Amino acid sequence: MSAPAPETADAGAAPIVLTRRRINTIFGALLAGMLMASLDQTIVSTAMPTIVGELGGVSHMAWMTTAYLLATTLVMPVYGKFGDLWGRRTLFLVAIGLFTVASAGAAMSPDFGWLVFWRGVQGLGGGGLMILAQAIIADIVPARERAKYMGPIGALFGLSAVAGPLVGGFFTDHAAFGWEWAFWINLPVGLAAFGIGWFALTLPRKRSSTPVDYAGILALSATTTALVLFTDFGGQDGWTSWQALSLLAAFVVSAVLFVAIELRATEPIIPMTLFRNRTFVVATALGAAVGLGMFSAIAFMPTFLQMASGLSAANSGLLMVPMVVGIILTIQSSATVIMRTGRYKAFTVAGVAVIMAAMIWMTTLSGDTSLWTVGGMVFVLGAGLGLIMQNVVLAAQNAVSATQLGTATSTNNYFREVGATLGVAVFGTLFTSRLAENLAGALTANAEQAVQAGITSPDTLVPALVEAAGQPLKGAIVDAYANSLAPVFWYLVPILAVGLLLALALKEIPLSEFAGMVARGEAVASEDDLPVVRADAEPEAGALPGGAQSDDDARGASIHA
């Protein structure tokens with residue numbers, strides 16, 4: 001049974017007319033918010049080796065990414081459900097504000113612990129930006145036409161991939177600025193995005209008298225946190241350590257408690273009824289498997305390139321551009337076919353297969369691998385991601401009622417982020433533990449030269465010191481990074497093999513011809529569809545403005561897949 005539709009703030013108000021101009025204006029506001037979040041990720045990834053080196057956090061490097069992903073994951077279901085209940089405009093502006101304020105906090109961080117904290121607060125805003133943007137696009141654009149909006153989104157990530165490394169590298173490589181500007185830059189971008197959203201994001205406001213599922217939110221937060229910390233402490237202290245076993249027990253208890261709460265809640269944060277929908281379940285599990293591999297590879301490649309290849313921060317980040325080129329090419333080409341045929345399953349299958357091939361190729365990385373070869377690896381990875389990352393969300397959205405678009409979008413992304421968070425935590429733990437051991441051996445074997453080069457500890461190692469170190473110390477450090485990173489990619493291959501089986505099992509449902517707001521009666525496609533008010537007639541029970549079909553009629557078999 002679907003969740004009840006939220007009441008509109010003004011039941012007598014005329015529905016919004018989704019003209020092409022209005023859709024493009026709203027879409028532009030969404031792009032501004034997404035640009036801020038995506039640009040930050042590429043800037044910070046490029047500057048990360050210098051940041052953690054100066055703040056003494058090399059051995060805890062993974063927390064820079066894990067904190068952001070964990071916070072993002074925790075709030076995704078909250079943004080999705082609250083958007084369904086109360087509308088998405090105010091929440092989108094709140095997410096921009098959180099992200100901007102946290103950027104200022106990160107720039108002023110006195111030590112690594114405070115930086116990790118503010119990265120977590122950034123994640124609280126970043127999770128809302130991505131979830132709400134995807135849900136709003138589903139609100140204003142029918143599923144069949146949604147593919148053509150993937151191109152501009154892909155181009156946005158392409159712009160971030162080019163501009164981010166240049167900006168992050170410039171700040172990192174020039175002493176007049178410093179790594180702090182990797183976060184200060186978000187303030188003008190955030191203020192601009194907030195202004196655009198304030199004036200351009202015209203969406204209906206809603207009200208709901210149903211109680212908020214606070215117990216579910218707390219239980220879900222406890223479940224997610226316990227799981228992520230279990231992987232982190234398990235990797236550091238051993239999977240049978242008391243810390244890891246305690247967190248595993250906390251995860252099991254909180255997960256059981258969460259399910260029990262959601263089964264009784266009036267408006268659950270994650271409705272258990274969603275998991276009766278086979279198409280939604282398969283699409284969500286597939287997203288989790290791909291997210292595990294995707295973020296693990298992306299998070300640590302710039303670090304490897306800076307340390308192992310002796311590149312500047314800017315140049316190492318630019319070597320990720322081939323990945324975005326691959327994403328844009330496959331998104332554009334697949335979007336054209338999807339719009340024409342309405343078929344998307346073949347692209348998900350091909351996407352997983354291509355990503356798995358890229359991971360296997362990456363296991364051959366070494367200090368002697370040419371930059372052309374590295375570029376080819378990340379291009380293939382990007383080509384696979386472009387084939388699948390938007391289509392998984394599209395399949396999940398298309399399989400549920402329009403009243404659950406936000407909840408379905410956030411739940412799908414939640415499990416993808418869980419996969420990403422687990423992947424980065426486990427991948428990062430394996431990488432950094434191997435790296436600490438290998439670097440310690442390299443510095444011990446070249447102790448006198450290390451002291452002369454100013455390298456006193458692996459935790460304070462920055463790319464500039466590696467580049468300035470002479471042989472054989474430099475070669476030993478490069479080998480330590482290469483021998484620590486490349487073998488870890490093998491751990492991702494079995495997960496992607498499971499993802500391939502899920503892609504083959506995905507049931508393809510005809511794409512809906514109705515935007516979410518139209519299906520819910522909050523909007524019409526043109527002024528000709530506006531209702532004609534007659535003084536001598538009452539509206540027919542269950543009728544929607546402008547003669548739009550009811551939600552079940554509009555989505556047909558998609559709801560019952």
# chains A, B, ... in the order shown; residues from 1 in each chain; ligands from 1
call {"tool": "select_by_dssp", "arguments": {"residues": "segment 37-248 of chain A", "states": "alpha helix (DSSP H)", "output": "MDAnalysis selection string"}}
result
chainID A and resid 37:54 62:86 89:107 112:140 143:146 150:173 181:184 186:200 214:237 242:248
call {"tool": "residues_around", "arguments": {"residues": "Leu511 of chain A", "least_positions_apart": "2", "cutoff": "12 Å", "atoms": "only C-alpha atoms", "output": "PyMOL selection string"}}
result
chain A and resi 138+141-147+338-345+391+394-400+508-509+513-515+554-559
call {"tool": "write_last_selection", "arguments": {"atoms": "N, CA and C atoms", "output": "short mmCIF file (atom, residue, chain, number, x, y, z; two decimals), in the first residue's frame"}}
result
data_model
loop_
_atom_site.label_atom_id
_atom_site.label_comp_id
_atom_site.auth_asym_id
_atom_site.auth_seq_id
_atom_site.Cartn_x
_atom_site.Cartn_y
_atom_site.Cartn_z
N ALA A 138 12.52 14.56 -11.13
CA ALA A 138 11.44 13.58 -11.33
C ALA A 138 10.08 14.25 -11.17
N VAL A 141 9.76 16.46 -14.71
CA VAL A 141 10.04 15.86 -16.02
C VAL A 141 9.57 14.41 -16.03
N PRO A 142 8.79 13.97 -17.03
CA PRO A 142 8.39 12.57 -17.12
C PRO A 142 9.60 11.65 -17.26
N ALA A 143 9.46 10.42 -16.80
CA ALA A 143 10.58 9.47 -16.84
C ALA A 143 11.09 9.27 -18.26
N ARG A 144 10.19 9.24 -19.24
CA ARG A 144 10.59 8.99 -20.62
C ARG A 144 11.49 10.11 -21.14
N GLU A 145 11.29 11.36 -20.66
CA GLU A 145 12.08 12.49 -21.13
C GLU A 145 13.26 12.80 -20.22
N ARG A 146 13.34 12.13 -19.08
CA ARG A 146 14.35 12.47 -18.08
C ARG A 146 15.76 12.23 -18.59
N ALA A 147 15.90 11.33 -19.53
CA ALA A 147 17.24 10.98 -20.00
C ALA A 147 17.96 12.18 -20.62
N ILE A 338 17.61 5.90 -24.99
CA ILE A 338 16.53 5.71 -24.00
C ILE A 338 15.31 6.55 -24.37
N MET A 339 15.53 7.80 -24.76
CA MET A 339 14.40 8.66 -25.15
C MET A 339 13.66 8.10 -26.35
N ARG A 340 14.40 7.51 -27.27
CA ARG A 340 13.78 7.00 -28.51
C ARG A 340 13.08 5.67 -28.29
N THR A 341 13.65 4.81 -27.48
CA THR A 341 13.13 3.46 -27.35
C THR A 341 12.45 3.20 -26.00
N GLY A 342 12.79 3.98 -24.97
CA GLY A 342 12.26 3.70 -23.63
C GLY A 342 12.91 2.51 -22.95
N ARG A 343 14.00 2.00 -23.51
CA ARG A 343 14.69 0.81 -22.95
C ARG A 343 15.99 1.24 -22.27
N TYR A 344 16.22 0.72 -21.07
CA TYR A 344 17.40 1.14 -20.32
C TYR A 344 18.19 -0.03 -19.71
N LYS A 345 17.62 -1.22 -19.68
CA LYS A 345 18.28 -2.34 -19.00
C LYS A 345 19.62 -2.70 -19.62
N ASN A 391 20.77 5.57 -14.71
CA ASN A 391 19.73 4.60 -15.06
C ASN A 391 19.25 3.80 -13.85
N LEU A 394 16.75 6.08 -12.25
CA LEU A 394 15.59 6.14 -13.13
C LEU A 394 14.71 4.90 -12.97
N ALA A 395 15.33 3.73 -12.91
CA ALA A 395 14.57 2.49 -12.75
C ALA A 395 13.83 2.46 -11.42
N ALA A 396 14.48 2.94 -10.35
CA ALA A 396 13.84 2.95 -9.02
C ALA A 396 12.68 3.93 -8.98
N GLN A 397 12.86 5.13 -9.53
CA GLN A 397 11.80 6.13 -9.54
C GLN A 397 10.61 5.67 -10.36
N ASN A 398 10.88 5.04 -11.48
CA ASN A 398 9.82 4.63 -12.39
C ASN A 398 8.99 3.47 -11.84
N ALA A 399 9.50 2.80 -10.80
CA ALA A 399 8.84 1.60 -10.29
C ALA A 399 7.89 1.90 -9.14
N VAL A 400 7.79 3.18 -8.69
CA VAL A 400 6.97 3.50 -7.53
C VAL A 400 5.94 4.57 -7.85
N GLU A 508 12.65 -4.67 -16.67
CA GLU A 508 12.49 -3.39 -17.37
C GLU A 508 11.01 -3.03 -17.49
N ILE A 509 10.63 -1.88 -16.91
CA ILE A 509 9.25 -1.41 -16.91
C ILE A 509 9.13 -0.24 -17.88
N GLU A 513 4.98 8.47 -18.75
CA GLU A 513 4.84 9.65 -19.61
C GLU A 513 4.43 10.88 -18.79
N PHE A 514 4.32 10.76 -17.47
CA PHE A 514 3.82 11.84 -16.64
C PHE A 514 4.89 12.28 -15.62
N ALA A 515 5.08 13.59 -15.49
CA ALA A 515 5.94 14.12 -14.43
C ALA A 515 5.28 13.88 -13.07
N ALA A 554 -1.86 7.14 -14.02
CA ALA A 554 -0.75 7.74 -14.75
C ALA A 554 0.44 6.81 -14.83
N ARG A 555 0.66 6.04 -13.77
CA ARG A 555 1.85 5.22 -13.77
C ARG A 555 1.59 3.78 -14.16
N GLY A 556 0.30 3.42 -14.20
CA GLY A 556 -0.06 2.10 -14.71
C GLY A 556 0.67 0.99 -14.00
N ALA A 557 1.15 0.08 -14.82
CA ALA A 557 1.76 -1.12 -14.27
C ALA A 557 3.05 -0.85 -13.51
N SER A 558 3.63 0.37 -13.70
CA SER A 558 4.89 0.66 -13.03
C SER A 558 4.78 0.52 -11.53
N ILE A 559 3.62 0.94 -10.97
CA ILE A 559 3.46 0.92 -9.52
C ILE A 559 3.44 -0.51 -9.00
#
call {"tool": "residues_around", "arguments": {"residues": "segment 67-81 of chain A", "least_positions_apart": "3", "cutoff": "8 Å", "atoms": "only C-alpha atoms", "output": "PyMOL selection string"}}
result
chain A and resi 63-64+84-85+91+116-117+119-128+131-132+135+217+220-221+224-225+228+269-270+406-411+413-414+417-418+420-421
call {"tool": "closest_residue", "arguments": {"among": "A:Leu329, A:Ile96, A:Val101, A:Val44", "to": "Gly195 of chain A", "atoms": "only C-alpha atoms"}}
result
A:Ile96
call {"tool": "residues_around", "arguments": {"residues": "Ala442 of chain A", "least_positions_apart": "4", "cutoff": "10 Å", "atoms": "only C-alpha atoms", "output": "ChimeraX atom specification"}}
result
/A:436-438,446-447,450,458,472-480
call {"tool": "closest_residue", "arguments": {"among": "A:Leu492, A:Met272, A:Ala222, A:Met34", "to": "Gln134 of chain A", "atoms": "only C-alpha atoms"}}
result
A:Met34
call {"tool": "residues_around", "arguments": {"residues": "Val349 of chain A", "least_positions_apart": "2", "cutoff": "7 Å", "atoms": "only C-alpha atoms", "output": "list in words"}}
result
Lys345, Ala346, Phe347, Gly351, Val352, Ala353, Leu500, Ala503 and Leu504 of chain A
call {"tool": "atom_distance", "arguments": {"atom1": "atom CA of Gly53 of chain A", "atom2": "atom CA of Leu465 of chain A"}}
result
10.2 Å
call {"tool": "closest_residue", "arguments": {"among": "A:Trp184, A:Phe233, A:Phe177, A:Trp86", "to": "Ala102 of chain A", "atoms": "only C-alpha atoms"}}
result
A:Trp184
call {"tool": "decode", "arguments": {"residues": "segment 416-433 of chain A", "atoms": "N, CA, C and O atoms", "output": "PDB file, in the first residue's frame"}}
result
ATOM      1  N   ARG A 416      23.087   3.041  -2.019  1.00  0.00           N
ATOM      2  CA  ARG A 416      24.282   3.258  -2.844  1.00  0.00           C
ATOM      3  C   ARG A 416      25.382   3.906  -2.005  1.00  0.00           C
ATOM      4  O   ARG A 416      26.548   3.528  -2.095  1.00  0.00           O
ATOM      5  N   GLU A 417      24.995   4.889  -1.169  1.00  0.00           N
ATOM      6  CA  GLU A 417      25.981   5.556  -0.326  1.00  0.00           C
ATOM      7  C   GLU A 417      26.491   4.634   0.775  1.00  0.00           C
ATOM      8  O   GLU A 417      27.638   4.749   1.208  1.00  0.00           O
ATOM      9  N   VAL A 418      25.611   3.742   1.275  1.00  0.00           N
ATOM     10  CA  VAL A 418      26.083   2.742   2.231  1.00  0.00           C
ATOM     11  C   VAL A 418      27.184   1.898   1.585  1.00  0.00           C
ATOM     12  O   VAL A 418      28.242   1.640   2.180  1.00  0.00           O
ATOM     13  N   GLY A 419      26.936   1.481   0.346  1.00  0.00           N
ATOM     14  CA  GLY A 419      27.959   0.736  -0.375  1.00  0.00           C
ATOM     15  C   GLY A 419      29.221   1.552  -0.554  1.00  0.00           C
ATOM     16  O   GLY A 419      30.340   1.052  -0.353  1.00  0.00           O
ATOM     17  N   ALA A 420      29.047   2.839  -0.906  1.00  0.00           N
ATOM     18  CA  ALA A 420      30.210   3.706  -1.096  1.00  0.00           C
ATOM     19  C   ALA A 420      30.970   3.913   0.206  1.00  0.00           C
ATOM     20  O   ALA A 420      32.205   3.865   0.241  1.00  0.00           O
ATOM     21  N   THR A 421      30.231   4.156   1.288  1.00  0.00           N
ATOM     22  CA  THR A 421      30.875   4.383   2.581  1.00  0.00           C
ATOM     23  C   THR A 421      31.623   3.146   3.052  1.00  0.00           C
ATOM     24  O   THR A 421      32.766   3.221   3.529  1.00  0.00           O
ATOM     25  N   LEU A 422      30.968   1.983   2.908  1.00  0.00           N
ATOM     26  CA  LEU A 422      31.642   0.739   3.273  1.00  0.00           C
ATOM     27  C   LEU A 422      32.860   0.508   2.385  1.00  0.00           C
ATOM     28  O   LEU A 422      33.926   0.091   2.859  1.00  0.00           O
ATOM     29  N   GLY A 423      32.682   0.788   1.096  1.00  0.00           N
ATOM     30  CA  GLY A 423      33.780   0.583   0.171  1.00  0.00           C
ATOM     31  C   GLY A 423      34.980   1.449   0.507  1.00  0.00           C
ATOM     32  O   GLY A 423      36.117   0.972   0.561  1.00  0.00           O
ATOM     33  N   VAL A 424      34.722   2.742   0.753  1.00  0.00           N
ATOM     34  CA  VAL A 424      35.822   3.655   1.077  1.00  0.00           C
ATOM     35  C   VAL A 424      36.445   3.284   2.422  1.00  0.00           C
ATOM     36  O   VAL A 424      37.668   3.334   2.593  1.00  0.00           O
ATOM     37  N   ALA A 425      35.589   2.898   3.390  1.00  0.00           N
ATOM     38  CA  ALA A 425      36.123   2.537   4.710  1.00  0.00           C
ATOM     39  C   ALA A 425      37.008   1.290   4.629  1.00  0.00           C
ATOM     40  O   ALA A 425      38.139   1.279   5.117  1.00  0.00           O
ATOM     41  N   VAL A 426      36.469   0.242   3.990  1.00  0.00           N
ATOM     42  CA  VAL A 426      37.241  -1.004   3.882  1.00  0.00           C
ATOM     43  C   VAL A 426      38.435  -0.822   2.959  1.00  0.00           C
ATOM     44  O   VAL A 426      39.571  -1.202   3.283  1.00  0.00           O
ATOM     45  N   PHE A 427      38.192  -0.212   1.787  1.00  0.00           N
ATOM     46  CA  PHE A 427      39.258   0.026   0.828  1.00  0.00           C
ATOM     47  C   PHE A 427      40.329   0.921   1.451  1.00  0.00           C
ATOM     48  O   PHE A 427      41.533   0.658   1.344  1.00  0.00           O
ATOM     49  N   GLY A 428      39.872   2.015   2.117  1.00  0.00           N
ATOM     50  CA  GLY A 428      40.818   2.937   2.724  1.00  0.00           C
ATOM     51  C   GLY A 428      41.609   2.293   3.849  1.00  0.00           C
ATOM     52  O   GLY A 428      42.809   2.556   4.016  1.00  0.00           O
ATOM     53  N   THR A 429      40.960   1.450   4.643  1.00  0.00           N
ATOM     54  CA  THR A 429      41.650   0.767   5.735  1.00  0.00           C
ATOM     55  C   THR A 429      42.706  -0.190   5.195  1.00  0.00           C
ATOM     56  O   THR A 429      43.847  -0.234   5.690  1.00  0.00           O
ATOM     57  N   LEU A 430      42.325  -0.962   4.184  1.00  0.00           N
ATOM     58  CA  LEU A 430      43.286  -1.881   3.579  1.00  0.00           C
ATOM     59  C   LEU A 430      44.461  -1.118   2.967  1.00  0.00           C
ATOM     60  O   LEU A 430      45.626  -1.503   3.127  1.00  0.00           O
ATOM     61  N   PHE A 431      44.132  -0.015   2.267  1.00  0.00           N
ATOM     62  CA  PHE A 431      45.178   0.771   1.611  1.00  0.00           C
ATOM     63  C   PHE A 431      46.111   1.420   2.633  1.00  0.00           C
ATOM     64  O   PHE A 431      47.333   1.296   2.552  1.00  0.00           O
ATOM     65  N   THR A 432      45.531   2.125   3.613  1.00  0.00           N
ATOM     66  CA  THR A 432      46.367   2.870   4.560  1.00  0.00           C
ATOM     67  C   THR A 432      47.144   1.957   5.501  1.00  0.00           C
ATOM     68  O   THR A 432      48.267   2.291   5.902  1.00  0.00           O
ATOM     69  N   SER A 433      46.563   0.803   5.871  1.00  0.00           N
ATOM     70  CA  SER A 433      47.312  -0.115   6.737  1.00  0.00           C
ATOM     71  C   SER A 433      48.508  -0.707   5.991  1.00  0.00           C
ATOM     72  O   SER A 433      49.612  -0.804   6.554  1.00  0.00           O
TER      73      SER A 433
END
